[in-house]
Amino acid sequence: MKKTKLLIALMLQGIGMYAQETVYPASTQTAAIAITNATVHVGNGQVLNNSTVVFLNGKITAVGTTVATPAGAKVINGQGRHVYPGLILSATNLGLVEVPSVRATNDLTEIGELNPSIRSIVAYNTDSKVINTLRANGILFANVCPEGGLISGSSTVVQLDAWNWEDAAYRMDQGIHFNMPSLIPRPRGFGAQSNSQQPQIDPVKRGLEQVDEIKQFLMQAKTYNNLKSHSEVNLKLAAVKGLFNKTQKLYVHANTVKQMLVALDFVKDLGVDMVIVGGSDSWQIADLLKQNNVAVILSQPHNLPILDDDDIDQPYKTPALLQKAGVLFSITDDDGQTRGRNLAFNAGTAATYGLTKEEALQAITLNAAKILGVADKTGSIEVGKDANLVISTGDILDMRSSMVTDAFIQGRTINLDNKQKQLYERYKQKYGFTDGN
Amino acid sequence: MKKLLWLMGGLWLAQCTTAQETFPVNGVADKRAGCFAFTHATIVKDAQTTLKDATLVIRDGRIVSAGGNSNIPADAVIIDCKDKYIYPSFIDIYSDYGTPASAVGARGFGGGTQAQLTSSTKGAYGWNQAIKSETDAYKLFTADDSKAKGLRESGFGAVLTHVKDGIARGTGTFVSLGNEKENLLVIKDKASAHYALSKGSSTQSYPNSMMGIIALLRQTFLDAQWYKTRPAKEGLNLSLQSWNENQALPQIIDAGDKWNDLRADRIGDEFGVQYIIKGGGNEYQRIKEIAGTRATYILGLNFPQTQDVEDPNDARFVSLTDLKHWELAPTNPSVMEKANIPFCLTTAELRDVKQFMTNLRTALNYGLTETAAINALTKTPATVLGLYDQVGSLDAGKWANFLITSGNVFNERTTIFQNWVQGNKFSIKDDTWKDLRGTYKLVLNTSSGPVNYTLDFKSNTAASLIGKDTVTSKFYYDGRQVRINVAPERRGGENLRLSGIVNNNAWTGYGEDSSGNRFSWTATYDQPSVQKADSARKRPLEPLGKVTYPFEPFGWDETQAPKQETLLFKNATVWTSEKEGVLQNTDVLVRNGKIASVGKNLSATGARVIDGTGKHLTAGVIDEHSHIAAGSINEGGQSITSEVRIGDNLNPDDINIYRQLSGGVTTSHILHGSANTIGGQTQLIKLRWGANDEDLKFKGADPFIKFALGENVKRSPSAIGNNSNNNRFPDTRMGVEEVLVDAFTRAHDYENAMKASGKKGSVRRDLELDALVEILNEKRFITCHSYIQSEITAAMRVAEKMGYKYNTFTHILEGYKVADKMKQHGAAASTFSDWWYYKMEVVDAIPYNAWLMQQQGMNVAINSDDAEMARRLNQEAAKSIKYGGMSEENALKMVTINPAKMMHIDSKVGSIKTGKDADLVLWSDNPLSIYAKSLYTVVDGTVYFDREKDIQLRKQVAAERLRIIRRMIGDKRTGAPVQPAQPSYQVVQTCDDHYHSHGLLSIQSGDN
C-alpha cells in the first residue's frame, strides 16, 4: 500500500500543468547524474546488485558496486529500484500512423512494389500522442519501418524524445525492408462456397517470380553501386548501396520456413546482412539461421499459434528455442504503435516460457541494438555508451511490478507525462480524489 | 455411321412407349405395349429379397411381375438374362438435374459495399430475396439427356430435382431419367419442399450469418402461420402462400455440416417439422447427436482427395483435423448405418458422377453393408418421398426402372449392361451382354485358297493373331462391328486389314492385304480363353484413427473423456475473491462438481490430491466479451437484429476453447458483434472442451443481448473501410439514439397489442420485438458496446425514458468520463486494460479507466474481445495495478467475481466459496504475474486442462499427424490421384473492432 502511494506520488510530478503539447523534449545533460544503490540490469545478461551508474554529457562514465559519486552530481537513490537500458522496439510503425482507422493520419504504405528509395524518417511524427505513452513504459528507441509492396523502403532508428525527426534520428536509413511473398497457397473458400472452381493464379509460383525480380534488382544494384559514376542516376539502385558496404541491413519480413529458406539464398548470393522480421516458424530452422548469421526480430510474441495442431504456447516459447540455438534475436510487437508499450511484457512472457529474465531483457535491449546496428551506442549499461536508462520500482518485465519512475535518453532527463496521464488527472479532478486505493 | 445408328436407336425408343394422346403424329401411328420378359435372372427385388432364376415382366413402362419363369405373357419379348442380375435402379433425391443453374450472388454486406435492404425479386413476393418458396421445380424442369446419361450409367433411374438457390427453395419434382417429353418424365410434380442454411444468389444484405439464416427461417414460419389469417395489411404474399402450401410435402433441408444438421433439426423441432437433412459428410464426428435428431439423412460421397504432403513444408500447414477427415470420411456412411440412422445417397457433390460407384465401393470397403447401400439408393429415398408405391423396388405395379448387370452391382468388375427407365431400354455397356471373348478360328478366303489363323479375342481393344507367329493386332470391337489390322508375320512386310460384322459367335467380313487383294473372311468361336483371376483384391484396411471430441488436435477420444473427480488442492494460496480475501496454506475440496469445503488440513477419502504448495488457486477466469466457439458473430444486415441468437450457432470445434482453458478461462460470454445498434442475443458458455454445442451452454443463466453504439453501427469509414458509402440508417450518433427510441416505442406498442389480442393470434409475432419486450420486462439484459461519453449518456437517457436499463457497458473506453452517470443508472462496466487509439472514438481511452470507474463504485470487469488475449486476462487485469494502483485482490476480481456479478451468475461461479461450481485454476505463481501459468483448469470439478497432460497430448498430436501423413504418402506412391497440399485456413470470428493478427492461416471473419 505504501508502495502504491509512492508510485502515485511519483506520477503526480507533472500534474495539471501540461497538455501533451507542453511535455517538452528534455534539454542536454549539463550535470553528472548518479543512480546509487540500485539493481542494475546491464542488458547483456549481467545483474549488478547495489550498484551505481554515473553518466555525464550524455555518456555512461561508470558502472559498478564501488563507483564513487562525483562531486556535484545529482544523486538518485536507487535503493530498491531497478535500472535497465532503454528498451528498444526493433520494428514498428510508430510515428507513421496516428489513428490507424483514419486514413489521413497514415503515412505508412507508399504506392508501388519497389520503393527502396522511400525513407520512413521524413514522415516520422515526433509529436505523435502515442510516443509519450511508450516512453512511460521505458521504451526509448524505435526502428521506424515503412510497410507495403515488395520493397517498402528504409527504416531509421529514432530516440523517442525529440523536437523533430532530424533530432530524433539515431541511426538513419539503416535498413531496407523486403516483404517476402506469402508462398502459401490460398484457401479455396469456405463452407458453402468451398466448391468454387474458379481458376486462380498459383500464389506460390507468382511469389517466387517476385522473389526473382527482387534478386535481379539487388544484383543490378550491386553492380551499379560498384561504379564510380553513372550517366543516368537510378534512385532505386542507389538507395540500397548500403546493403553492399554493410552500412545497411536487409530486413526480410518472413514467417514460414519456405519463405526463410528463400531468403537465406539472398545472403549466400548477395552477401548482404540479413534480418528476418516476423519469424513465426523461425524455431524450426534455428540451426540454419545461426549458421548463416541471420538475426531474427520476433514480431508476434503474443499471438495465437499458426495451426490448431501447434503447441498452445508456441509463440510464447519460440524465443527460448532461438536462444538455445544461439540465434541473435530480438522481440518486438506486431502492433508497434499503441500496443508497443507492452514490449517489456512480451519479453516477460518469453521469460515465463523458457528464457531467463536477463535473456528476455536482452531481447529488447542489447540484442535489438546489435540487430539495428546501434550496439556501439546503446542497448546495455556499459561505460562509453549513451546514457539511455530506465528506472523502475519493480521487475519491468512483469505488469504486476513494472512502474517506470525515471528515464534518460543521452543523459537527458525525460518527462514521462503523456496524454493519458493528463486525462487521468483531469478526471481525478472531476471526481475529487487524488490518491490510489 | 455409328452416330446415325445411335440416333435411330433413340427414335425407336421414343416410339415404343405410349404416345401422348394430345400430341399429333406426323406419319403413321406406332403404338406398342412394350411388354418384355427378362428370364432366368437373379432378381434383387429389394435389399432383403433376392430371387434366383427368376423372371421380370414389364408392360407399358410398369412392372407386371417379378417371380417364377412361368406365366410369361404371350406378347412378351423374351430376353434371356441367364447369369445376369436385375436391380431396381437407383434414386438420387438431392439433384438439380434439369433445373436452371442459379446465379452466384454477391455476399452483400461489409467490405465497403452498400447494403441492399430490400429484395430485388420483382412481383408479389415476400420481403426477403432468399425466401423463394414460390419456386416450383416442375415448372422449370427441362430434360437434359447428356446429364441424364451420366446418371443412368451410374445406375440411377429417377431423381428428385430442385432449384438449389435460396434459404427456402420451393418445391422439388420427382422425375425419371428417360429421354422423352417432360410430360412423361415427371413422376410427381410437387414431391418435396426444400430449404438450405445458405442464402444462395440473394444479394440482399440480410441475412449474412448463420444465426441470421436460422432467425429468418423461424420468423418465416411465424409469418406464414399469421398469413393464414389473411391479414389485410399484408396483401398478397406469394412467398408465404407457397410456404404454407409446401408444408404438406416432405421437407428437405441442406445443412451441409454436422453442427448445421443439429441446427436444422432444432428449427424443425420448434415448428413441428421433421426435416430430411442433407448432411456434410462429417456426421461420424458427432454420431450420437446426429442419431438424436431422428432424421433421415442425405449423404454425399465426396471424400477428400489425397493431398501431396511429401514436402514437409507443405505438410506443415495441413491440419490434423483435415488429415483425420481424409482418413475417416469414407467411414461416414457405415458409421451412420451402425447408428441405425436412415440415409439416402446422392451424387450431388461429385464433380464427376462417374466417381459415384468408385466412392461407394470405398464406403463399402470402410464397412458399409451392401444391404444398407441398396436401401440408401432405392427404398429409403422412395419411402421418405412417399413414393415407394412407384419406385424403389421391383414389385408389381411400380415403374419399370431397373438395371441389368453382369453380377453384384457393387463389385468393381461388374458391368451394368442396361438401365431400363420407365420400361425403356438404355444401353450402358451392351456390347458385353454376351461374353464373346475366346479363341476364334479365322479363315481368310483368298483367291489362292483359305488361309487359317487363330484369333485370340481378349477384350474390345485387344486381340492377337496366332499363325506362324503370335502377333498383336490393332483391334476394334463394339459388339456389332469388328476391325482388325495386323501384320501376321513378325518379319514379313505383309499386312492385313479386316472389317466385319458380329453375329454372336460367328463373324463375317471383307478384307484386303498389302497388295490390294480383296477377300472375304469368317471367324468362328472355338473356345474360351484363359481368364486371369480377379486382380481387384480389396486392399486390407489399415487401422484407422479414432474420432476425438472435439474433432480437433488436443481433443479426447472416448477412452480419455475427462470426468468429474473428487479433487483436493492442498496447501495452496487461495484467492477467494470473497470477503475472506487471500488465504495462505489452505486446502480446497471439490466434490460432485462443486466446491465442497475450503479450509486447513482437509482430507477426503478417494480424493485425488493436488499439491498446491507454493502455488495459487483462484476461481476460473470469466470473460465478459468473447467471440470464440461460434459459427457466426455478426448479423449486420439490419440495424436491429435482436431476433438472432449466438446460441443457435455455437461451434464446439474451436481450438481456442482449449487454448483459453490453458489461460485459466472457464466461462465466456459469447457476444454478437457490433455492426448494429441492437445486435443479437448472446450466449454464455463454459469451456467444456469436447462437449457438444448444447452442453457448452451455461445452464440457468439470465439471457443477455448485445447492443452497440458509435462508429461501427453508423458504418463509419473506420468501421468498414475507407471506401464506404453507407446507406443504412443510422449514419450518425444522432440516428443511433433514434434507432433505440424507435425500437422500444415499437416494442411497447407490440407488447400492448399482444396483450390485447390474447390468444387470437391476430398480431404478427415478431421475434425481433419479442426480445425487446423481454428487455422491458427484465427477462433479458443488455451488454452495450460503447466508447464515447456522449453516446453513453444518450443511450442511458433513452433507456430511462423507455423503461429499460443497461446492465453492462462493454469496451466503454470513455467510461471514466461518465462513471458517475453510469453508476447512477446502475450499469456495470467491462473494459480493456490498455487498448486505445486504433480508431477515432478511442483516442481518449486511458489505461486508468478501470480504476477510475471502480473508484466511482461501479462493478468493473476486464474483457478480452480477442481469442489470443483471452489467454492472458489475468495479466490484463494486473495492468490496473500499474495504471492506477489497484490492489492485487481487486485486480483479480475484475476477471472473476466482478464479471460473474455482471452476468448474474455470482451465485454459481466467480469465487472460491463452498457450494459454488468447482471452476478453479491452479497457477504456478501469483495469478497477477506475467510469470504465472495455469497448471490445472477445472470446470464443474472436471479437469479440462492439465499442463502435464498437455505435454502428452502434444506428442499424441505429432504422432497422429505423422501416421496419417505416411498413409497419404503411401497412397500417392500406389497411384492415388493427389491434389497439392491444402493449407488449413481457419476462420477466426472477431468483432473486428481493432486489429490483432491471429497468424498466417487465419482469416478474420465478421464485419465488426
# chains A, B, ... in the order shown; residues from 1 in each chain; ligands from 1
>>> residues_around(residues="segment 659-669 of chain B", least_positions_apart="5", cutoff="6 Å", atoms="only C-alpha atoms", output="ChimeraX atom specification")
/B:620-626,683-687,871-872,921,934,937
>>> write_last_selection(atoms="C-alpha atoms", output="PDB file, in the first residue's frame")
ATOM      1  CA  GLY B 620     -11.855 -19.700 -13.058  1.00  0.00           C
ATOM      2  CA  VAL B 621     -11.386 -16.615 -15.200  1.00  0.00           C
ATOM      3  CA  ILE B 622     -14.604 -15.220 -16.667  1.00  0.00           C
ATOM      4  CA  ASP B 623     -14.508 -13.328 -19.937  1.00  0.00           C
ATOM      5  CA  GLU B 624     -17.427 -10.951 -20.343  1.00  0.00           C
ATOM      6  CA  HIS B 625     -16.762 -10.261 -24.023  1.00  0.00           C
ATOM      7  CA  SER B 626     -15.638 -13.086 -26.254  1.00  0.00           C
ATOM      8  CA  GLN B 683     -24.670 -16.968 -25.230  1.00  0.00           C
ATOM      9  CA  LEU B 684     -22.886 -17.705 -22.009  1.00  0.00           C
ATOM     10  CA  ILE B 685     -20.779 -20.856 -22.176  1.00  0.00           C
ATOM     11  CA  LYS B 686     -18.496 -22.894 -20.009  1.00  0.00           C
ATOM     12  CA  LEU B 687     -15.330 -24.085 -21.663  1.00  0.00           C
ATOM     13  CA  ARG B 871      -5.441 -16.440 -22.620  1.00  0.00           C
ATOM     14  CA  ARG B 872      -3.860 -13.680 -20.554  1.00  0.00           C
ATOM     15  CA  VAL B 921      -7.389 -22.587 -11.694  1.00  0.00           C
ATOM     16  CA  SER B 934      -2.244 -22.335 -15.277  1.00  0.00           C
ATOM     17  CA  THR B 937      -8.018 -25.597 -15.123  1.00  0.00           C
TER      18      THR B 937
END
>>> interface_residues(of="chain B", to="chain A", cutoff="6 Å", atoms="only C-alpha atoms", output="list in words")
Pro553, Ser718, Tyr837, Tyr838, Lys839, Ile846, Glu868, Ala878, Lys879, Gly885, Ser929, Ile930, Tyr931, His998, Gly999 and Leu1000 of chain B
>>> residues_around(residues="Gly86 of chain A", least_positions_apart="6", cutoff="6 Å", atoms="only C-alpha atoms", output="mmCIF file with N, CA and C atoms, in the first residue's frame")
data_model
loop_
_atom_site.group_PDB
_atom_site.id
_atom_site.type_symbol
_atom_site.label_atom_id
_atom_site.label_comp_id
_atom_site.auth_asym_id
_atom_site.auth_seq_id
_atom_site.Cartn_x
_atom_site.Cartn_y
_atom_site.Cartn_z
ATOM 1 N N ILE A 139 10.236 2.533 -23.012
ATOM 2 C CA ILE A 139 10.686 2.345 -24.392
ATOM 3 C C ILE A 139 11.263 3.661 -24.883
ATOM 4 N N LEU A 140 12.539 3.647 -25.216
ATOM 5 C CA LEU A 140 13.221 4.896 -25.537
ATOM 6 C C LEU A 140 13.697 4.944 -26.977
ATOM 7 N N ASN A 388 21.271 5.909 -21.896
ATOM 8 C CA ASN A 388 19.873 5.636 -22.207
ATOM 9 C C ASN A 388 19.373 4.652 -21.158
ATOM 10 N N LEU A 389 18.695 5.187 -20.160
ATOM 11 C CA LEU A 389 18.423 4.389 -18.970
ATOM 12 C C LEU A 389 16.970 4.521 -18.520
ATOM 13 N N VAL A 390 16.523 3.478 -17.877
ATOM 14 C CA VAL A 390 15.167 3.465 -17.327
ATOM 15 C C VAL A 390 15.252 2.988 -15.883
#
>>> select_by_dssp(residues="segment 318-430 of chain A", states="helix (DSSP H, G or I)", output="JSON, numbers by chain")
{"A": [318, 319, 320, 321, 322, 323, 324, 325, 338, 339, 340, 341, 342, 343, 344, 345, 346, 347, 348, 349, 350, 351, 352, 357, 358, 359, 360, 361, 362, 366, 367, 368, 369, 370, 371, 372, 419, 420, 421, 422, 423, 424, 425, 426, 427, 428, 429, 430]}
>>> closest_residue(among="B:Glu552, B:Glu134, B:Glu270, B:Glu349", to="Tyr94 of chain B", atoms="only C-alpha atoms")
B:Glu349
>>> residues_around(residues="segment 698-714 of chain B", least_positions_apart="6", cutoff="8 Å", atoms="only C-alpha atoms", output="tab-separated table (two decimals) with C-alpha atoms, in the first residue's frame")
chain	number	residue	atom	x	y	z
B	639	SER	CA	-29.77	-2.04	-37.66
B	642	SER	CA	-32.48	-8.82	-31.79
B	671	LEU	CA	-21.36	-11.79	-27.82
B	672	HIS	CA	-22.83	-10.79	-31.10
B	673	GLY	CA	-20.63	-8.32	-32.99
B	674	SER	CA	-21.10	-4.59	-33.07
B	675	ALA	CA	-22.37	-4.00	-36.60
B	676	ASN	CA	-25.74	-2.77	-35.48
B	677	THR	CA	-27.37	-0.75	-32.75
B	678	ILE	CA	-29.42	-3.64	-31.46
B	679	GLY	CA	-27.42	-6.76	-32.13
B	680	GLY	CA	-28.16	-10.39	-31.41
B	681	GLN	CA	-28.81	-12.44	-28.33
B	682	THR	CA	-25.63	-13.58	-26.61
B	683	GLN	CA	-24.67	-16.97	-25.23
B	684	LEU	CA	-22.89	-17.70	-22.01
B	685	ILE	CA	-20.78	-20.86	-22.18
B	686	LYS	CA	-18.50	-22.89	-20.01
B	720	ILE	CA	-16.00	-0.78	-42.87
B	728	ARG	CA	-28.09	2.07	-43.84
B	729	PHE	CA	-29.75	4.13	-41.16
B	730	PRO	CA	-28.22	5.40	-38.88
B	731	ASP	CA	-25.22	7.29	-40.16
B	732	THR	CA	-24.66	9.45	-37.08
B	733	ARG	CA	-24.83	9.15	-33.31
B	736	VAL	CA	-28.29	5.77	-33.27
B	779	LYS	CA	-36.17	-11.02	-18.64
B	780	ARG	CA	-33.21	-10.17	-20.84
B	781	PHE	CA	-30.25	-7.94	-20.12
B	782	ILE	CA	-28.12	-5.66	-22.22
B	783	THR	CA	-24.40	-5.52	-22.68
B	784	CYS	CA	-23.73	-2.47	-24.81
B	785	HIS	CA	-20.61	-1.84	-26.87
B	786	SER	CA	-19.82	1.82	-26.42
B	787	TYR	CA	-16.94	4.25	-26.30
B	788	ILE	CA	-17.77	7.93	-26.30
B	791	GLU	CA	-23.37	8.23	-26.78
B	841	GLU	CA	-13.70	7.03	-30.91
B	903	MET	CA	-23.81	-11.56	-15.66
B	904	HIS	CA	-25.90	-12.55	-12.63
B	905	ILE	CA	-24.05	-15.82	-12.17
B	993	ASP	CA	-13.20	-3.77	-33.68
B	1008	ASN	CA	-17.30	-5.50	-36.76
>>> residues_around(residues="Trp923 of chain B", least_positions_apart="5", cutoff="9 Å", atoms="only C-alpha atoms", output="number ranges by chain")
B: 612, 615-618, 664, 932-937
>>> write_last_selection(atoms="C-alpha atoms", output="mmCIF file, in the first residue's frame")
data_model
loop_
_atom_site.group_PDB
_atom_site.id
_atom_site.type_symbol
_atom_site.label_atom_id
_atom_site.label_comp_id
_atom_site.auth_asym_id
_atom_site.auth_seq_id
_atom_site.Cartn_x
_atom_site.Cartn_y
_atom_site.Cartn_z
ATOM 1 C CA GLY B 612 -0.687 -26.572 -4.072
ATOM 2 C CA LYS B 615 1.038 -22.294 -5.918
ATOM 3 C CA HIS B 616 -2.056 -20.143 -6.171
ATOM 4 C CA LEU B 617 -5.641 -21.256 -6.520
ATOM 5 C CA THR B 618 -8.230 -18.868 -7.947
ATOM 6 C CA GLY B 664 -7.395 -20.220 -16.871
ATOM 7 C CA ALA B 932 2.028 -17.357 -13.767
ATOM 8 C CA LYS B 933 0.883 -20.336 -15.821
ATOM 9 C CA SER B 934 -2.244 -22.335 -15.277
ATOM 10 C CA LEU B 935 -1.265 -25.837 -14.193
ATOM 11 C CA TYR B 936 -4.810 -27.129 -13.887
ATOM 12 C CA THR B 937 -8.018 -25.597 -15.123
#
>>> residues_around(residues="Ala169 of chain A", least_positions_apart="2", cutoff="12 Å", atoms="only C-alpha atoms", output="PyMOL selection string")
chain A and resi 119-126+141-144+155-167+171-174+374
>>> write_last_selection(atoms="N, CA and C atoms", output="JSON list (two decimals), in the first residue's frame")
[["chain", "number", "residue", "atom", "x", "y", "z"],
["A", 119, "ARG", "N", 11.87, 6.74, -47.64],
["A", 119, "ARG", "CA", 12.53, 6.82, -46.32],
["A", 119, "ARG", "C", 11.50, 7.12, -45.24],
["A", 120, "SER", "N", 11.41, 6.24, -44.28],
["A", 120, "SER", "CA", 10.41, 6.40, -43.23],
["A", 120, "SER", "C", 10.66, 7.67, -42.42],
["A", 121, "ILE", "N", 11.91, 8.02, -42.26],
["A", 121, "ILE", "CA", 12.25, 9.07, -41.28],
["A", 121, "ILE", "C", 11.61, 10.41, -41.62],
["A", 122, "VAL", "N", 11.44, 10.68, -42.91],
["A", 122, "VAL", "CA", 10.93, 12.01, -43.28],
["A", 122, "VAL", "C", 9.46, 12.20, -42.91],
["A", 123, "ALA", "N", 8.76, 11.07, -42.63],
["A", 123, "ALA", "CA", 7.35, 11.19, -42.23],
["A", 123, "ALA", "C", 7.17, 10.94, -40.74],
["A", 124, "TYR", "N", 8.26, 10.61, -40.06],
["A", 124, "TYR", "CA", 8.16, 10.28, -38.64],
["A", 124, "TYR", "C", 7.71, 11.50, -37.84],
["A", 125, "ASN", "N", 6.58, 11.31, -37.15],
["A", 125, "ASN", "CA", 5.97, 12.43, -36.43],
["A", 125, "ASN", "C", 6.39, 12.39, -34.95],
["A", 126, "THR", "N", 7.31, 13.26, -34.60],
["A", 126, "THR", "CA", 7.81, 13.28, -33.21],
["A", 126, "THR", "C", 6.73, 13.72, -32.23],
["A", 141, "PHE", "N", 13.65, 3.80, -27.65],
["A", 141, "PHE", "CA", 14.11, 3.76, -29.05],
["A", 141, "PHE", "C", 13.15, 2.93, -29.89],
["A", 142, "ALA", "N", 13.10, 3.30, -31.17],
["A", 142, "ALA", "CA", 12.25, 2.54, -32.07],
["A", 142, "ALA", "C", 12.85, 2.52, -33.45],
["A", 143, "ASN", "N", 12.72, 1.40, -34.12],
["A", 143, "ASN", "CA", 13.11, 1.30, -35.52],
["A", 143, "ASN", "C", 11.85, 1.50, -36.34],
["A", 144, "VAL", "N", 11.76, 2.65, -37.00],
["A", 144, "VAL", "CA", 10.51, 3.04, -37.65],
["A", 144, "VAL", "C", 10.52, 2.54, -39.10],
["A", 155, "SER", "N", 14.26, 1.98, -43.11],
["A", 155, "SER", "CA", 13.85, 2.33, -41.75],
["A", 155, "SER", "C", 14.98, 3.08, -41.05],
["A", 156, "THR", "N", 14.58, 3.85, -40.05],
["A", 156, "THR", "CA", 15.55, 4.61, -39.26],
["A", 156, "THR", "C", 15.31, 4.35, -37.79],
["A", 157, "VAL", "N", 16.39, 4.23, -37.04],
["A", 157, "VAL", "CA", 16.26, 4.10, -35.59],
["A", 157, "VAL", "C", 16.16, 5.50, -35.00],
["A", 158, "VAL", "N", 15.11, 5.70, -34.20],
["A", 158, "VAL", "CA", 14.93, 7.02, -33.58],
["A", 158, "VAL", "C", 14.96, 6.90, -32.07],
["A", 159, "GLN", "N", 15.37, 8.00, -31.43],
["A", 159, "GLN", "CA", 15.21, 8.09, -29.98],
["A", 159, "GLN", "C", 13.92, 8.88, -29.73],
["A", 160, "LEU", "N", 13.21, 8.52, -28.66],
["A", 160, "LEU", "CA", 11.83, 8.98, -28.52],
["A", 160, "LEU", "C", 11.68, 10.28, -27.72],
["A", 161, "ASP", "N", 12.64, 11.17, -27.84],
["A", 161, "ASP", "CA", 12.48, 12.45, -27.16],
["A", 161, "ASP", "C", 13.10, 13.52, -28.04],
["A", 162, "ALA", "N", 12.31, 14.08, -28.94],
["A", 162, "ALA", "CA", 12.90, 14.97, -29.94],
["A", 162, "ALA", "C", 11.90, 16.03, -30.38],
["A", 163, "TRP", "N", 12.46, 17.15, -30.84],
["A", 163, "TRP", "CA", 11.63, 18.23, -31.37],
["A", 163, "TRP", "C", 11.16, 17.92, -32.79],
["A", 164, "ASN", "N", 11.98, 17.23, -33.50],
["A", 164, "ASN", "CA", 11.68, 16.97, -34.90],
["A", 164, "ASN", "C", 12.44, 15.73, -35.34],
["A", 165, "TRP", "N", 12.15, 15.26, -36.55],
["A", 165, "TRP", "CA", 12.73, 13.97, -36.93],
["A", 165, "TRP", "C", 14.23, 14.02, -37.11],
["A", 166, "GLU", "N", 14.74, 15.19, -37.43],
["A", 166, "GLU", "CA", 16.20, 15.26, -37.58],
["A", 166, "GLU", "C", 16.88, 15.07, -36.25],
["A", 167, "ASP", "N", 16.24, 15.61, -35.19],
["A", 167, "ASP", "CA", 16.77, 15.39, -33.84],
["A", 167, "ASP", "C", 16.59, 13.94, -33.41],
["A", 171, "ARG", "N", 19.97, 6.36, -35.90],
["A", 171, "ARG", "CA", 20.77, 5.77, -36.98],
["A", 171, "ARG", "C", 19.90, 5.80, -38.24],
["A", 172, "MET", "N", 20.31, 6.64, -39.15],
["A", 172, "MET", "CA", 19.47, 6.99, -40.30],
["A", 172, "MET", "C", 19.50, 5.90, -41.36],
["A", 173, "ASP", "N", 18.35, 5.60, -41.92],
["A", 173, "ASP", "CA", 18.22, 4.72, -43.09],
["A", 173, "ASP", "C", 19.02, 3.43, -42.95],
["A", 174, "GLN", "N", 18.92, 2.82, -41.80],
["A", 174, "GLN", "CA", 19.83, 1.72, -41.52],
["A", 174, "GLN", "C", 19.39, 0.37, -42.08],
["A", 374, "VAL", "N", 23.15, -0.40, -33.57],
["A", 374, "VAL", "CA", 23.39, 0.72, -32.66],
["A", 374, "VAL", "C", 23.98, 0.24, -31.34]]
